[in-house]
Structure formats: structure tokens, C-alpha cells
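Colleague: File model.tsv follows (TSV, C-alpha atoms):
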chain	number	residue	atom	x	y	z
A	20	MET	CA	-11.17	-13.63	-11.17
A	21	ASP	CA	-14.07	-11.40	-12.10
A	22	ASN	CA	-14.39	-7.70	-12.92
A	23	ASP	CA	-14.83	-6.80	-9.28
A	24	GLY	CA	-11.79	-8.58	-7.78
A	25	CYS	CA	-11.40	-12.18	-6.59
A	26	GLU	CA	-13.88	-14.94	-7.11
A	27	ASN	CA	-13.05	-16.55	-3.80
A	28	SER	CA	-12.56	-13.99	-1.05
A	29	LEU	CA	-11.09	-15.78	1.96
A	30	LYS	CA	-11.66	-15.08	5.63
A	31	GLN	CA	-8.51	-17.03	6.62
A	32	PRO	CA	-5.89	-17.37	3.90
A	33	ALA	CA	-4.76	-20.94	3.18
A	34	SER	CA	-1.32	-19.55	2.34
A	35	HIS	CA	0.04	-20.39	5.82
A	36	GLY	CA	1.14	-16.88	6.72
A	37	VAL	CA	2.66	-15.95	3.35
A	38	TRP	CA	1.54	-12.57	1.96
A	39	PHE	CA	2.40	-11.06	-1.42
A	40	VAL	CA	2.58	-7.28	-0.97
A	41	TYR	CA	3.02	-4.73	-3.74
A	42	GLY	CA	2.22	-1.38	-2.09
A	43	SER	CA	2.84	0.39	1.20
A	44	LEU	CA	3.44	-2.87	3.10
A	45	LYS	CA	6.61	-3.71	1.15
A	46	PRO	CA	9.90	-3.61	3.08
A	47	GLY	CA	11.21	-0.05	2.93
A	48	GLU	CA	7.72	1.48	2.61
A	49	LEU	CA	5.78	3.33	5.32
A	50	GLY	CA	3.38	0.52	6.22
A	51	TYR	CA	6.03	-2.17	6.67
A	52	ARG	CA	7.22	-0.86	10.02
A	53	GLN	CA	3.72	-1.49	11.43
A	54	ILE	CA	3.92	-5.22	10.66
A	55	LYS	CA	7.65	-6.03	10.78
A	56	GLU	CA	7.44	-7.51	14.29
A	57	PHE	CA	5.30	-10.35	12.82
A	58	ILE	CA	7.63	-11.06	9.87
A	59	GLU	CA	10.18	-13.87	10.02
A	60	THR	CA	11.66	-13.11	6.61
A	61	TYR	CA	10.77	-11.69	3.22
A	62	GLU	CA	11.88	-12.15	-0.37
A	63	LYS	CA	11.28	-10.54	-3.73
A	64	ALA	CA	8.49	-12.09	-5.77
A	65	LYS	CA	6.68	-11.55	-9.07
A	66	LEU	CA	2.98	-11.91	-9.77
A	67	LYS	CA	2.57	-12.85	-13.42
A	68	GLY	CA	-0.54	-12.10	-15.47
A	69	TYR	CA	-1.40	-8.98	-13.49
A	70	GLY	CA	-0.71	-5.27	-13.63
A	71	LEU	CA	-0.95	-2.35	-11.25
A	72	LEU	CA	-3.59	0.34	-11.20
A	73	ILE	CA	-4.37	3.30	-8.99
A	74	ARG	CA	-7.89	4.11	-7.87
A	75	ASP	CA	-8.55	7.00	-5.52
A	76	GLY	CA	-4.84	7.08	-4.66
A	77	LEU	CA	-4.72	3.39	-3.69
A	78	PRO	CA	-2.72	0.76	-5.59
A	79	GLY	CA	-4.50	-2.34	-6.81
A	80	LEU	CA	-4.08	-5.38	-9.02
A	81	GLU	CA	-5.87	-6.21	-12.25
A	82	GLU	CA	-5.55	-9.12	-14.60
A	83	ARG	CA	-3.35	-8.08	-17.51
A	84	THR	CA	-2.07	-10.33	-20.29
A	85	GLY	CA	1.71	-10.38	-20.16
A	86	GLY	CA	1.75	-8.20	-17.05
A	87	ILE	CA	4.08	-8.59	-14.09
A	88	VAL	CA	3.85	-7.00	-10.66
A	89	ASP	CA	7.02	-6.87	-8.61
A	90	GLY	CA	6.56	-7.15	-4.87
A	91	TYR	CA	7.58	-9.17	-1.86
A	92	ASN	CA	6.48	-12.32	-0.12
A	93	LEU	CA	6.27	-11.72	3.61
A	94	TYR	CA	6.59	-14.84	5.78
A	95	ALA	CA	4.92	-14.60	9.19
A	96	LYS	CA	6.72	-15.77	12.30
A	97	LEU	CA	5.54	-19.19	13.43
A	98	GLY	CA	2.38	-18.79	15.53
A	99	GLN	CA	1.86	-15.17	14.46
A	100	GLU	CA	0.06	-15.76	11.17
A	101	SER	CA	-3.27	-14.55	12.57
A	102	GLU	CA	-1.71	-11.43	14.08
A	103	LEU	CA	-0.07	-10.56	10.78
A	104	ALA	CA	-3.35	-11.10	8.91
A	105	SER	CA	-5.17	-8.92	11.45
A	106	PHE	CA	-2.70	-6.04	11.10
A	107	ILE	CA	-2.78	-6.27	7.31
A	108	GLU	CA	-6.58	-6.14	7.46
A	109	GLN	CA	-6.41	-3.02	9.65
A	110	PHE	CA	-3.97	-1.40	7.23
A	111	GLU	CA	-5.81	-2.35	4.04
A	112	ASP	CA	-9.45	-1.71	4.86
A	113	PRO	CA	-11.73	-4.72	4.16
A	114	SER	CA	-14.38	-2.39	2.75
A	115	LEU	CA	-11.87	-1.50	0.00
A	116	TYR	CA	-9.75	-4.68	-0.31
A	117	GLU	CA	-10.41	-8.38	-0.31
A	118	VAL	CA	-7.94	-11.20	0.32
A	119	CYS	CA	-7.27	-13.58	-2.55
A	120	GLU	CA	-4.92	-16.47	-3.08
A	121	VAL	CA	-2.26	-15.91	-5.74
A	122	LYS	CA	0.65	-17.90	-7.13
A	123	VAL	CA	3.83	-15.84	-7.22
A	124	THR	CA	7.29	-16.66	-8.52
A	125	ILE	CA	10.38	-16.12	-6.38
A	126	ASP	CA	13.93	-15.49	-7.65
A	127	SER	CA	14.78	-19.21	-7.65
A	128	GLY	CA	11.97	-19.75	-10.18
A	129	ALA	CA	9.78	-21.65	-7.71
A	130	ASP	CA	6.09	-20.83	-7.37
A	131	VAL	CA	4.70	-19.98	-3.94
A	132	GLN	CA	1.05	-19.70	-2.82
A	133	ALA	CA	0.42	-16.42	-1.04
A	134	ALA	CA	-2.45	-14.26	0.10
A	135	SER	CA	-2.71	-10.78	-1.40
A	136	ASN	CA	-5.10	-7.87	-1.24
A	137	PHE	CA	-7.13	-6.91	-4.29
A	138	LEU	CA	-9.22	-3.76	-4.59
A	139	LYS	CA	-12.93	-4.52	-4.50
A	140	TYR	CA	-15.01	-3.26	-7.40
A	141	ILE	CA	-11.95	-2.09	-9.32
A	142	ARG	CA	-14.02	-0.58	-12.13
A	143	ASN	CA	-15.74	1.88	-9.76
A	144	GLY	CA	-14.29	5.36	-9.69
A	145	ASN	CA	-11.57	6.16	-12.17
A	146	PRO	CA	-8.97	3.40	-12.07
A	147	GLU	CA	-5.78	4.29	-13.93
A	148	PRO	CA	-3.45	1.53	-15.13
A	149	ILE	CA	0.21	1.94	-14.20
A	150	GLN	CA	2.70	0.85	-16.83
A	151	SER	CA	5.43	0.19	-14.25
A	152	SER	CA	5.68	-3.18	-12.51
A	153	THR	CA	6.30	-1.48	-9.16
A	154	TRP	CA	4.59	1.12	-6.99
A	155	SER	CA	5.92	3.12	-4.07
A	156	ILE	CA	4.39	5.70	-1.77
A	157	CYS	CA	6.89	8.07	-3.43
A	158	ASP	CA	4.84	7.66	-6.62
A	159	ASP	CA	1.78	9.11	-4.91
A	160	PRO	CA	1.41	12.71	-6.16
A	161	LEU	CA	0.42	13.94	-2.70
A	162	PHE	CA	3.60	12.64	-1.09
A	163	ARG	CA	5.88	13.24	-4.08
A	164	HIS	CA	4.83	16.77	-5.01
A	165	GLY	CA	2.12	18.04	-2.70
A	166	LEU	CA	3.69	17.74	0.73
A	167	PRO	CA	7.12	19.10	-0.27
A	168	SER	CA	5.42	22.08	-1.96
A	169	LEU	CA	3.25	22.69	1.07
A	170	TYR	CA	6.27	22.49	3.38
A	171	THR	CA	8.17	25.00	1.25
A	172	THR	CA	5.18	27.33	1.04
A	173	ALA	CA	4.62	27.23	4.79
A	174	HIS	CA	8.25	27.75	5.71
A	175	GLU	CA	9.03	30.44	3.16
A	176	SER	CA	5.90	32.46	3.75
A	177	GLU	CA	6.38	35.90	5.20
A	178	ALA	CA	3.12	35.38	7.07
A	179	PHE	CA	4.95	33.12	9.56
A	180	ASN	CA	8.11	35.16	10.12
A	181	GLY	CA	8.35	36.50	13.62
A	182	PHE	CA	5.29	34.65	14.96
A	183	ALA	CA	5.62	32.14	17.76
A	184	GLY	CA	3.56	28.95	17.61
A	185	ASP	CA	1.57	29.97	20.67
A	186	MET	CA	0.35	33.22	19.09
A	187	PRO	CA	-3.17	33.32	17.58
A	188	SER	CA	-1.88	35.25	14.54
A	189	PHE	CA	0.48	32.35	13.69
A	190	TRP	CA	-2.42	29.88	13.59
A	191	HIS	CA	-4.62	32.32	11.70
A	192	ASN	CA	-2.05	32.31	8.86
A	193	TYR	CA	-0.75	28.74	9.20
A	194	LEU	CA	-3.97	26.70	9.19
A	195	PRO	CA	-5.29	27.89	5.82
A	196	VAL	CA	-1.96	26.99	4.20
A	197	MET	CA	-1.98	23.54	5.80
A	198	GLY	CA	-5.59	22.95	4.74
As C-alpha cells - that is how I would like this structure written.

Modeller:
Amino acid sequence: MDNDGCENSLKQPASHGVWFVYGSLKPGELGYRQIKEFIETYEKAKLKGYGLLIRDGLPGLEERTGGIVDGYNLYAKLGQESELASFIEQFEDPSLYEVCEVKVTIDSGADVQAASNFLKYIRNGNPEPIQSSTWSICDDPLFRHGLPSLYTTAHESEAFNGFAGDMPSFWHNYLPVMG
């Protein structure tokens, strides 16, 4: 591992369709539903020696002494390993992430080789370490605080009362709030 991510970025993971996910692709998160048709099963897993960080709103991994990242191993359906890898690549942009091999520990205590996405050039921008071992889209300030506030503002505003959605005056008032 170097300061900019993995040493050995892989085009085709040697992990045989096993992916360690720690962000939006975890079961129960928004991204999972886009890939669930390719998943045979999943299980909780821990990545030891790493911690979470956020850069530009995206979660990432960094080496951290004593750190643990809680996530999931996703196991691709037989014959659909490439499809799963392709969808994960579409979801986690290759210009921002690179695939690396990691060794994760499952609940039984066994170690499993998996592919995982690491942010490229993690020291660019303003990366902020997260002290928690988990991350959820609910932790994103935009989704946690911004969107609910915007929804409340838009729906409580007197500017929208009495206007139908097909009236120009509705859109004149609504679009600046949504922006």
C-alpha cells in the first residue's frame, strides 16, 4: 500500500467474485439494490489495519494501525462474477476508485480474500478520518440534514401554497429553493 491507494491495482480481481464493501454497496444501503441480482449471499466481515475516511463526500479506506472497518463480503452468483465487477465499477467510478485485494475476517474467525475499492490519491482534497468503524449514506450530511431541511422548507413555504405544479409562478418560486 502506498500513499495514493493500492500498490497493485487489478483489472480482474483474483478474489473469485468476492467483494468487501463498506459504503453504499452494503446490504441495506442505496447502492445494494443495483447489484443484488448478481449476489448469491453476503456476510459481515472486518478489514483489520484500516480505517475509514471521507473525501469529497465519498467514503474510502486508509491504512490505520489498530483500525477496523466493518463491512460485508458479497459473493457473486456462479458465472456472474464479471457482471458484478462491471456494475461495481459503474457505481464506484474508476477515475476515483481502484480495485485492490484485501484479506478480511468473517464472524467464524476465518480470513477471506476479497476485492475492495480504495480511493485513488487519498491525500488529494481534504480527507477527513472517521473514528467509527462503519459508514452509511445516512452519515452523509447532505442526506442526513440537507435533504430533510430542503423538503421541509419547500413544503412549508407560503410561496407554494395555492399554486399548481403546471403554473409558471410555482416553478418560479420552487426552483430556487431546490437549487

Colleague: Taking all atoms of segment 45-59 of chain A that appear in the file, build a box with edges along x, y and z, extend it by 5 Å on every side, and state its centre and edge lengths in Å to one decimal, as AutoDock Vina command-line options.

Modeller:
--center_x 7.3 --center_y -5.3 --center_z 7.7 --size_x 17.8 --size_y 27.2 --size_z 23.1

Colleague: Can you pull out the residues contacting His35 of chain A? Cut-off 10 Å, using only C-alpha atoms, and skip same-chain residues under 4 positions away; I want them as a PDB file with C-alpha atoms, in the frame of the given file.

Modeller:
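Okay, this is what ended up in out-v4.pdb:
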ATOM      1  CA  GLN A  31      -8.510 -17.030   6.620  1.00  0.00           C
ATOM      2  CA  TYR A  94       6.590 -14.840   5.780  1.00  0.00           C
ATOM      3  CA  ALA A  95       4.920 -14.600   9.190  1.00  0.00           C
ATOM      4  CA  LEU A  97       5.540 -19.190  13.430  1.00  0.00           C
ATOM      5  CA  GLU A 100       0.060 -15.760  11.170  1.00  0.00           C
ATOM      6  CA  SER A 101      -3.270 -14.550  12.570  1.00  0.00           C
ATOM      7  CA  GLN A 132       1.050 -19.700  -2.820  1.00  0.00           C
ATOM      8  CA  ALA A 133       0.420 -16.420  -1.040  1.00  0.00           C
ATOM      9  CA  ALA A 134      -2.450 -14.260   0.100  1.00  0.00           C
TER      10      ALA A 134
END

Colleague: Provide the atom CA of Lys122 of chain A to atom CA of Asn145 of chain A distance in Å, to one decimal place.

Modeller: 27.5 Å

Colleague: Hey, which of A:Leu71, A:Ile141, A:Ile107, A:Leu66 ends up closest to Glu120 of chain A? Count only C-alpha atoms.

Modeller: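 Checking each candidate against Glu120 of chain A, we get A:Leu66 as the closest.
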
Colleague: Rank A:Ser127, A:Asn143, A:Ser105, A:Ser152 by their smallest atom-to-atom distance to Ile87 of chain A, using all atoms listed in the file, and report the top residue only.

Modeller: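 Between A:Ser127, A:Asn143, A:Ser105, A:Ser152, the residue approaching Ile87 of chain A most closely is A:Ser152.
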
Colleague: Restricting the calculation to only C-alpha atoms, which member of A:Asp126, A:Glu82, A:Asp89, A:Glu117 is positioned closest to Pro148 of chain A?

Modeller: A:Glu82

Colleague: May I ask which of the residues A:Gly68, A:Gly79, A:Gly85, A:Gly36 is the closest one to Thr153 of chain A, counting all atoms listed in the file?

Modeller: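 Going through A:Gly68, A:Gly79, A:Gly85, A:Gly36 one by one, the smallest distance to Thr153 of chain A is for A:Gly79.
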
Colleague: Please compute the atom CA of Lys55 of chain A-atom CA of Ser135 of chain A distance, one decimal, in Å.

Modeller: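 Taking atom CA of Lys55 of chain A as the start and atom CA of Ser135 of chain A as the end point, the length is 16.7 Å.
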
Colleague: When you draw a straight line from atom CA of Trp154 of chain A to atom CA of Leu49 of chain A, how long is it in Å?

Modeller: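 Atom CA of Leu49 of chain A lies at a distance of 12.6 Å from atom CA of Trp154 of chain A.
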
Colleague: List as a PyMOL selection string the protein and nucleic acid residues near Phe106 of chain A, meaning an atom at most 10 Å away when all atoms listed in the file are counted, but skip any in the same chain fewer than 5 places from it.

Modeller: chain A and resi 53-54+57+101+111

Colleague: Could you save the residues just selected, with C-alpha atoms, as a tab-separated table (two decimals), in the frame of the given file?

Modeller:
chain	number	residue	atom	x	y	z
A	53	GLN	CA	3.72	-1.49	11.43
A	54	ILE	CA	3.92	-5.22	10.66
A	57	PHE	CA	5.30	-10.35	12.82
A	101	SER	CA	-3.27	-14.55	12.57
A	111	GLU	CA	-5.81	-2.35	4.04

Colleague: Give me, as CSV, the closest atom pair and its distance (Å, one decimal) for every residue of segment 62-108 of chain A within a cut-off of 6 Å of segment 37-42 of chain A, counting all atoms listed in the file, rows sorted by chain and rising number.

Modeller:
residue,atom,partner,partner_atom,distance
A:Gly90,CA,A:Tyr41,CA,4.4
A:Tyr91,CA,A:Val40,CA,5.4
A:Asn92,CA,A:Phe39,CA,4.5
A:Leu93,CA,A:Trp38,CA,5.1
A:Tyr94,CA,A:Val37,CA,4.8

Colleague: So that I can see what lies close to Leu72 of chain A, please list as a list of chain:residue names the residues with an atom at most 9 Å from it, counting only C-alpha atoms and leaving out residues fewer than 4 positions away in the same chain.

Modeller: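 Near Leu72 of chain A, the qualifying residues are A:Leu77, A:Pro78, A:Gly79, A:Leu80, A:Glu81, A:Ile141, A:Pro146, A:Glu147, A:Pro148, A:Ile149, A:Gln150.
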
Colleague: Would you save the residues from that selection as a compact mmCIF listing (two decimals), keeping the file's coordinate frame, using C-alpha atoms?

Modeller:
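Writing the result to out.txt gives the following:
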# COMPACT_ATOMS: atom_id res chain seq x y z
CA LEU A 77 -4.72 3.39 -3.69
CA PRO A 78 -2.72 0.76 -5.59
CA GLY A 79 -4.50 -2.34 -6.81
CA LEU A 80 -4.08 -5.38 -9.02
CA GLU A 81 -5.87 -6.21 -12.25
CA ILE A 141 -11.95 -2.09 -9.32
CA PRO A 146 -8.97 3.40 -12.07
CA GLU A 147 -5.78 4.29 -13.93
CA PRO A 148 -3.45 1.53 -15.13
CA ILE A 149 0.21 1.94 -14.20
CA GLN A 150 2.70 0.85 -16.83

Colleague: For Gly128 of chain A, please output as a VMD selection string all residues within 12 Å (counting all atoms listed in the file; exclusion window: fewer than 3 positions along the same chain).

Modeller: chain A and resid 63 to 66 122 to 125 131

Colleague: Could you check which of A:Leu138, A:Val121, A:Leu44, A:Leu103 is closest to Asp75 of chain A, using only C-alpha atoms?

Modeller: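 Result for the nearest residue to Asp75 of chain A: A:Leu138.
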
Colleague: Between A:Arg142, A:Gly86, A:Ile58, A:Tyr116, single out the one closest to Gln99 of chain A, counting all atoms listed in the file.

Modeller: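 Of all the options, A:Ile58 lies closest to Gln99 of chain A.
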